[in-house]
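Q: Please see the structure below; I have some questions.
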Amino acid sequence: MWADLRPIGRHADSGGYRRYAWTGTDADCRTWFQEQAEARGLAYETDRNGNQWAWLGDPLAGDAVVTGSHLDSVPDGGAFDGPLGVVSSFAALDELRGRGAEFTRPLAVVNFGDEEGARFGLACVGSRLASGQLTKEQAYDLRDGDGISLPQAMEAAGYDPSAIGADPERLARVGAFVELHVEQGRALDLSGDAVGIASAIWPHGRWRFDFRGEANHAGTTRLVDRRDPMLTYAETVLAARREAELAGALATFGKISVEPNGVNAIPSLVRGWLDSRAPDQAALDTVVAAIEQAAKERAERDGVDLSVVRESFTPVIEFEHALRDQLDKILGGRIPVLGTGAGHDAGILSGSIPTAMLFVRNPTGVSHSPAEYAPEDDCVAGVLALADVLEGLACG
């Protein structure tokens, strides 16, 4: 499975992956998922929001145990973030069938669409739509860098966007969702464990900073006469690092758009996106407010207009303790429990259904990069741990 999936969307120059929602590469990933489902005799379906499901047992019976993750990527992302969870889900099912496990609850593998938000700027679109955290109207307003709307992209890919929206009937049939994911950090590497259990997801969000100045000639305009938004943006980036360190949080400007984007032109607009995360809400509020204040003060000095828009936000998510404790018991009580600053579909769905997560060790600690990695032995340990969990939940 890993070998079949590996070349899809891989960029020859960077070695990273460009699997963006509702593109040809995304279609190839979806075809791979459907083929895996049908090869195992599972009932395959795509829901109203484009999420893919593969069912063992009656999907309508209720109290189903669901596992899976996503197949899309960030720009030049790694091979493991998302796909490891989907591959491991099918592999865990194979393992359980090899054990002769008898299922007393329906089991499903899912691929949630557009988890990374690389194309339309909003993470976890598929699970947000299903859980009602993203309305149809809001989804219709999403556009990519070329101005193509989400419904236009879905339609071009052969899907009907008219039905997207909350899907409470489907979620009501799910008794538990367990997502396996490569760790995005080095906690397991430092502890010497191959597998961990998630305790919580830090609160996090994305903010768009628009710095508007005055376009002018780079070769003739005196420095004192300039209203250069790039200066304001640069100071804001430095302030983000400084304030994050003070608050014990994380803050990153990782995306930028410049107009008119000419080498010999002073920009009229610099648009930067801030990603910020923290162990608790108070720390997140503190760091974002401090970054905004620093941007405002510098903008006034530079004669630049500033606007800040919060584009997405997810509060702190504590995974359901009962399910988390059940996983710990199934796995013998020897698995470390750790928090994470990364968002996941399991976190989005936690407000609607019981969810839990397993992490697989990443010795590099690197994620959202081609250097992201998990050794084969650890991946196998993750599959076996997931199989044990599914057996304990769906075969008891």
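Identifiers in the structure tokens: chain A, B, ... in order shown; residue index from 1 per chain; ligand index from 1 in order shown.
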Do a neighbour search on stretch 355-372 of chain A at 8 Å with only C-alpha atoms, toss out local chain neighbours closer than 6 positions, and write the hits as a count of residues only.

A: 43

Q: Could you build a table of the residues in stretch 275-384 of chain A lying no more than 7 Å from stretch 201-216 of chain A, giving for each the nearest pair of atoms and their separation in Å rounded to one decimal place, using only C-alpha atoms, ordered by chain and ascending residue number, as JSON lines?

A:
```
{"residue": "A:Asp275", "atom": "CA", "partner": "A:Arg206", "partner_atom": "CA", "distance": 4.7}
{"residue": "A:Ser276", "atom": "CA", "partner": "A:His204", "partner_atom": "CA", "distance": 5.7}
{"residue": "A:Arg277", "atom": "CA", "partner": "A:His204", "partner_atom": "CA", "distance": 4.3}
{"residue": "A:Ala278", "atom": "CA", "partner": "A:Trp202", "partner_atom": "CA", "distance": 5.7}
{"residue": "A:Pro279", "atom": "CA", "partner": "A:Trp202", "partner_atom": "CA", "distance": 5.1}
{"residue": "A:Asp280", "atom": "CA", "partner": "A:Pro203", "partner_atom": "CA", "distance": 6.3}
{"residue": "A:Gln281", "atom": "CA", "partner": "A:Pro203", "partner_atom": "CA", "distance": 6.2}
{"residue": "A:Val304", "atom": "CA", "partner": "A:Gly213", "partner_atom": "CA", "distance": 4.9}
{"residue": "A:Asp305", "atom": "CA", "partner": "A:Arg212", "partner_atom": "CA", "distance": 5.0}
{"residue": "A:Leu306", "atom": "CA", "partner": "A:Phe211", "partner_atom": "CA", "distance": 4.9}
{"residue": "A:Ser307", "atom": "CA", "partner": "A:Asp210", "partner_atom": "CA", "distance": 5.2}
{"residue": "A:Val308", "atom": "CA", "partner": "A:Phe209", "partner_atom": "CA", "distance": 4.7}
{"residue": "A:Val309", "atom": "CA", "partner": "A:Arg208", "partner_atom": "CA", "distance": 5.2}
{"residue": "A:Arg310", "atom": "CA", "partner": "A:Trp207", "partner_atom": "CA", "distance": 4.3}
{"residue": "A:Glu311", "atom": "CA", "partner": "A:Trp207", "partner_atom": "CA", "distance": 5.5}
{"residue": "A:Ser312", "atom": "CA", "partner": "A:Arg206", "partner_atom": "CA", "distance": 5.2}
{"residue": "A:Phe313", "atom": "CA", "partner": "A:Gly205", "partner_atom": "CA", "distance": 4.1}
{"residue": "A:Thr314", "atom": "CA", "partner": "A:His204", "partner_atom": "CA", "distance": 5.4}
{"residue": "A:Pro315", "atom": "CA", "partner": "A:Pro203", "partner_atom": "CA", "distance": 4.3}
{"residue": "A:Val316", "atom": "CA", "partner": "A:Pro203", "partner_atom": "CA", "distance": 4.1}
{"residue": "A:Ile317", "atom": "CA", "partner": "A:Ile201", "partner_atom": "CA", "distance": 5.1}
{"residue": "A:Glu318", "atom": "CA", "partner": "A:Ile201", "partner_atom": "CA", "distance": 6.7}
{"residue": "A:Gly339", "atom": "CA", "partner": "A:Ile201", "partner_atom": "CA", "distance": 5.9}
{"residue": "A:Thr340", "atom": "CA", "partner": "A:Ile201", "partner_atom": "CA", "distance": 5.1}
{"residue": "A:Gly341", "atom": "CA", "partner": "A:Trp202", "partner_atom": "CA", "distance": 4.9}
{"residue": "A:Ala342", "atom": "CA", "partner": "A:Ile201", "partner_atom": "CA", "distance": 6.6}
{"residue": "A:Gly343", "atom": "CA", "partner": "A:Ile201", "partner_atom": "CA", "distance": 6.5}
{"residue": "A:Gly347", "atom": "CA", "partner": "A:Ile201", "partner_atom": "CA", "distance": 6.9}
```

Q: Apply DSSP to the structure's backbone, then extract all residues of stretch 52-265 of chain A labelled strand (DSSP E or B) and return them as JSON, numbers by chain.

A: {"A": [52, 53, 54, 55, 56, 64, 65, 66, 67, 68, 69, 77, 107, 108, 109, 110, 111, 143, 149, 174, 175, 176, 177, 178, 179, 180, 181, 182, 195, 196, 197, 198, 199, 200, 201, 204, 205, 206, 207, 208, 209, 210, 211, 212, 216, 217, 250, 251, 252, 253, 254, 255, 256, 257, 258, 259, 265]}

Q: Set the distance at 7 Å and use only C-alpha atoms: which residues neighbour A:Glu243 once local chain neighbours fewer than 2 positions away are removed? I'd like the list as a list in words.

A: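 The filter keeps Ala239, Ala240, Arg241, Glu245, Leu246, Ala247, Val287, Ala290 and Ile291 of chain A.
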
Q: For stretch 223-227 of chain A, list every protein, DNA or RNA residue within 12 Å, evaluated using only C-alpha atoms, and leave out those in the same chain fewer than 2 positions away; present the list as a PyMOL selection string.

A: chain A and resi 211-221+229-232+265-270+298-305

Q: Among stretch 198-302 of chain A, which residues carry a DSSP assignment of helix (DSSP H, G or I), reported as number ranges by chain?

A: A: 223-225, 229-247, 281-302

Q: Under the rule that only C-alpha atoms are counted, which of A:Pro106, A:Pro260, A:Gly68, A:Gly121 is the nearest residue to A:Ala91?

A: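 Of all the options, A:Gly68 lies closest to A:Ala91.
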
Q: Point out the residue among A:Leu5, A:Ala139, A:Ala156, A:Leu393 with the least atom-to-atom distance to A:Lys329, counting only C-alpha atoms.

A: A:Leu393

Q: Need to verify the contact set: stretch 55-57 of chain A, 7 Å, only C-alpha atoms, exclusion of same-chain residues closer than 2 positions in sequence. Can you return it as a PyMOL selection string?

A: chain A and resi 42-44+53+59+106-109

Q: Please, could you write that set of residues out with all heavy atoms as an mmCIF file, in the first residue's frame?

A:
```
data_model
loop_
_atom_site.group_PDB
_atom_site.id
_atom_site.type_symbol
_atom_site.label_atom_id
_atom_site.label_comp_id
_atom_site.auth_asym_id
_atom_site.auth_seq_id
_atom_site.Cartn_x
_atom_site.Cartn_y
_atom_site.Cartn_z
ATOM 1 N N LEU A 42 -15.041 -4.239 1.144
ATOM 2 C CA LEU A 42 -15.720 -3.271 1.989
ATOM 3 C C LEU A 42 -16.714 -2.466 1.165
ATOM 4 O O LEU A 42 -16.516 -2.239 -0.040
ATOM 5 C CB LEU A 42 -14.700 -2.321 2.637
ATOM 6 C CG LEU A 42 -13.562 -2.989 3.421
ATOM 7 C CD1 LEU A 42 -12.608 -1.926 3.970
ATOM 8 C CD2 LEU A 42 -14.115 -3.845 4.550
ATOM 9 N N ALA A 43 -17.774 -2.033 1.797
ATOM 10 C CA ALA A 43 -18.778 -1.200 1.125
ATOM 11 C C ALA A 43 -18.238 0.224 1.033
ATOM 12 O O ALA A 43 -17.999 0.874 2.053
ATOM 13 C CB ALA A 43 -20.095 -1.234 1.895
ATOM 14 N N TYR A 44 -18.061 0.717 -0.189
ATOM 15 C CA TYR A 44 -17.449 2.024 -0.404
ATOM 16 C C TYR A 44 -18.518 3.075 -0.672
ATOM 17 O O TYR A 44 -19.488 2.834 -1.403
ATOM 18 C CB TYR A 44 -16.471 1.983 -1.584
ATOM 19 C CG TYR A 44 -16.002 3.344 -2.009
ATOM 20 C CD1 TYR A 44 -14.990 3.989 -1.309
ATOM 21 C CD2 TYR A 44 -16.592 4.002 -3.087
ATOM 22 C CE1 TYR A 44 -14.554 5.254 -1.678
ATOM 23 C CE2 TYR A 44 -16.161 5.263 -3.469
ATOM 24 C CZ TYR A 44 -15.152 5.892 -2.760
ATOM 25 O OH TYR A 44 -14.746 7.147 -3.127
ATOM 26 N N TRP A 53 -15.624 6.738 2.651
ATOM 27 C CA TRP A 53 -15.867 5.758 3.703
ATOM 28 C C TRP A 53 -15.788 4.349 3.127
ATOM 29 O O TRP A 53 -16.258 4.095 2.013
ATOM 30 C CB TRP A 53 -17.248 5.965 4.322
ATOM 31 C CG TRP A 53 -17.445 7.312 4.965
ATOM 32 C CD1 TRP A 53 -17.650 8.502 4.329
ATOM 33 C CD2 TRP A 53 -17.431 7.590 6.363
ATOM 34 N NE1 TRP A 53 -17.777 9.513 5.250
ATOM 35 C CE2 TRP A 53 -17.646 8.986 6.510
ATOM 36 C CE3 TRP A 53 -17.271 6.804 7.501
ATOM 37 C CZ2 TRP A 53 -17.703 9.601 7.754
ATOM 38 C CZ3 TRP A 53 -17.333 7.418 8.736
ATOM 39 C CH2 TRP A 53 -17.542 8.798 8.859
ATOM 40 N N PRO A 59 -23.544 -0.090 7.721
ATOM 41 C CA PRO A 59 -23.312 1.307 8.069
ATOM 42 C C PRO A 59 -24.469 1.934 8.842
ATOM 43 O O PRO A 59 -24.273 2.943 9.541
ATOM 44 C CB PRO A 59 -23.142 1.990 6.703
ATOM 45 C CG PRO A 59 -22.811 0.893 5.755
ATOM 46 C CD PRO A 59 -23.525 -0.317 6.268
ATOM 47 N N PRO A 106 -20.131 -2.385 13.692
ATOM 48 C CA PRO A 106 -19.632 -2.022 12.360
ATOM 49 C C PRO A 106 -18.279 -1.313 12.478
ATOM 50 O O PRO A 106 -18.017 -0.604 13.455
ATOM 51 C CB PRO A 106 -20.707 -1.068 11.820
ATOM 52 C CG PRO A 106 -21.911 -1.306 12.672
ATOM 53 C CD PRO A 106 -21.411 -1.728 14.015
ATOM 54 N N LEU A 107 -17.445 -1.505 11.460
ATOM 55 C CA LEU A 107 -16.130 -0.867 11.419
ATOM 56 C C LEU A 107 -16.004 -0.116 10.097
ATOM 57 O O LEU A 107 -16.445 -0.617 9.053
ATOM 58 C CB LEU A 107 -15.029 -1.920 11.534
ATOM 59 C CG LEU A 107 -13.582 -1.413 11.517
ATOM 60 C CD1 LEU A 107 -13.262 -0.669 12.809
ATOM 61 C CD2 LEU A 107 -12.605 -2.567 11.326
ATOM 62 N N ALA A 108 -15.400 1.053 10.143
ATOM 63 C CA ALA A 108 -15.218 1.825 8.917
ATOM 64 C C ALA A 108 -13.842 2.469 8.902
ATOM 65 O O ALA A 108 -13.275 2.805 9.949
ATOM 66 C CB ALA A 108 -16.289 2.901 8.778
ATOM 67 N N VAL A 109 -13.307 2.628 7.687
ATOM 68 C CA VAL A 109 -12.098 3.406 7.439
ATOM 69 C C VAL A 109 -12.524 4.648 6.667
ATOM 70 O O VAL A 109 -13.312 4.560 5.722
ATOM 71 C CB VAL A 109 -11.063 2.607 6.629
ATOM 72 C CG1 VAL A 109 -9.829 3.460 6.347
ATOM 73 C CG2 VAL A 109 -10.679 1.330 7.362
#
```

Q: May I have the residues within 7 Å of A:Lys136 as an MDAnalysis selection string, using only C-alpha atoms and disregarding those fewer than 2 positions away in the same chain?

A: chainID A and resid 134 138:140 164:165

Q: Would you export the selected residues with C-alpha atoms as an mmCIF file, in the first residue's frame, please?

A:
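Wrote out.cif, looks like this:
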```cif
data_model
loop_
_atom_site.group_PDB
_atom_site.id
_atom_site.type_symbol
_atom_site.label_atom_id
_atom_site.label_comp_id
_atom_site.auth_asym_id
_atom_site.auth_seq_id
_atom_site.Cartn_x
_atom_site.Cartn_y
_atom_site.Cartn_z
ATOM 1 C CA LEU A 134 -18.426 25.138 8.670
ATOM 2 C CA GLN A 138 -19.111 29.798 4.515
ATOM 3 C CA ALA A 139 -17.782 26.952 2.397
ATOM 4 C CA TYR A 140 -19.124 28.554 -0.763
ATOM 5 C CA ILE A 164 -22.504 19.932 1.290
ATOM 6 C CA GLY A 165 -23.184 20.759 4.921
#
```

Q: Of the residues A:Thr23, A:Gln152, A:Ser89, A:Gln133, which is the one nearest to A:Asp114, using only C-alpha atoms?

A: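 Using only C-alpha atoms, A:Asp114 sits closest to A:Thr23.
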
Q: State, in Å with one decimal place, the distance from atom CA of A:Gly175 to atom CA of A:Ala385.

A: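 These atoms are spaced 19.3 Å apart.
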
Q: Using only C-alpha atoms, determine which residues lie at most 12 Å from A:Gly126, disregarding the query and same-chain residues fewer than 6 positions distant; provide the list as an MDAnalysis selection string.

A: chainID A and resid 21:22 46:52 69:72 110:117 132:136 139 150 164:167 344:346 348:349

Q: With only C-alpha atoms as the basis for distance, which of A:Glu169, A:Glu38, A:Asp160, A:Glu102 is at the shortest distance from A:Ile353?

A: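 With only C-alpha atoms as the atom set, the closest residue is A:Glu169.
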
Q: Restricting the calculation to only C-alpha atoms, which member of A:Ala64, A:Met1, A:Val174, A:Leu327 is positioned closest to A:Phe90?

A: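 Closest to A:Phe90, using only C-alpha atoms: A:Met1.
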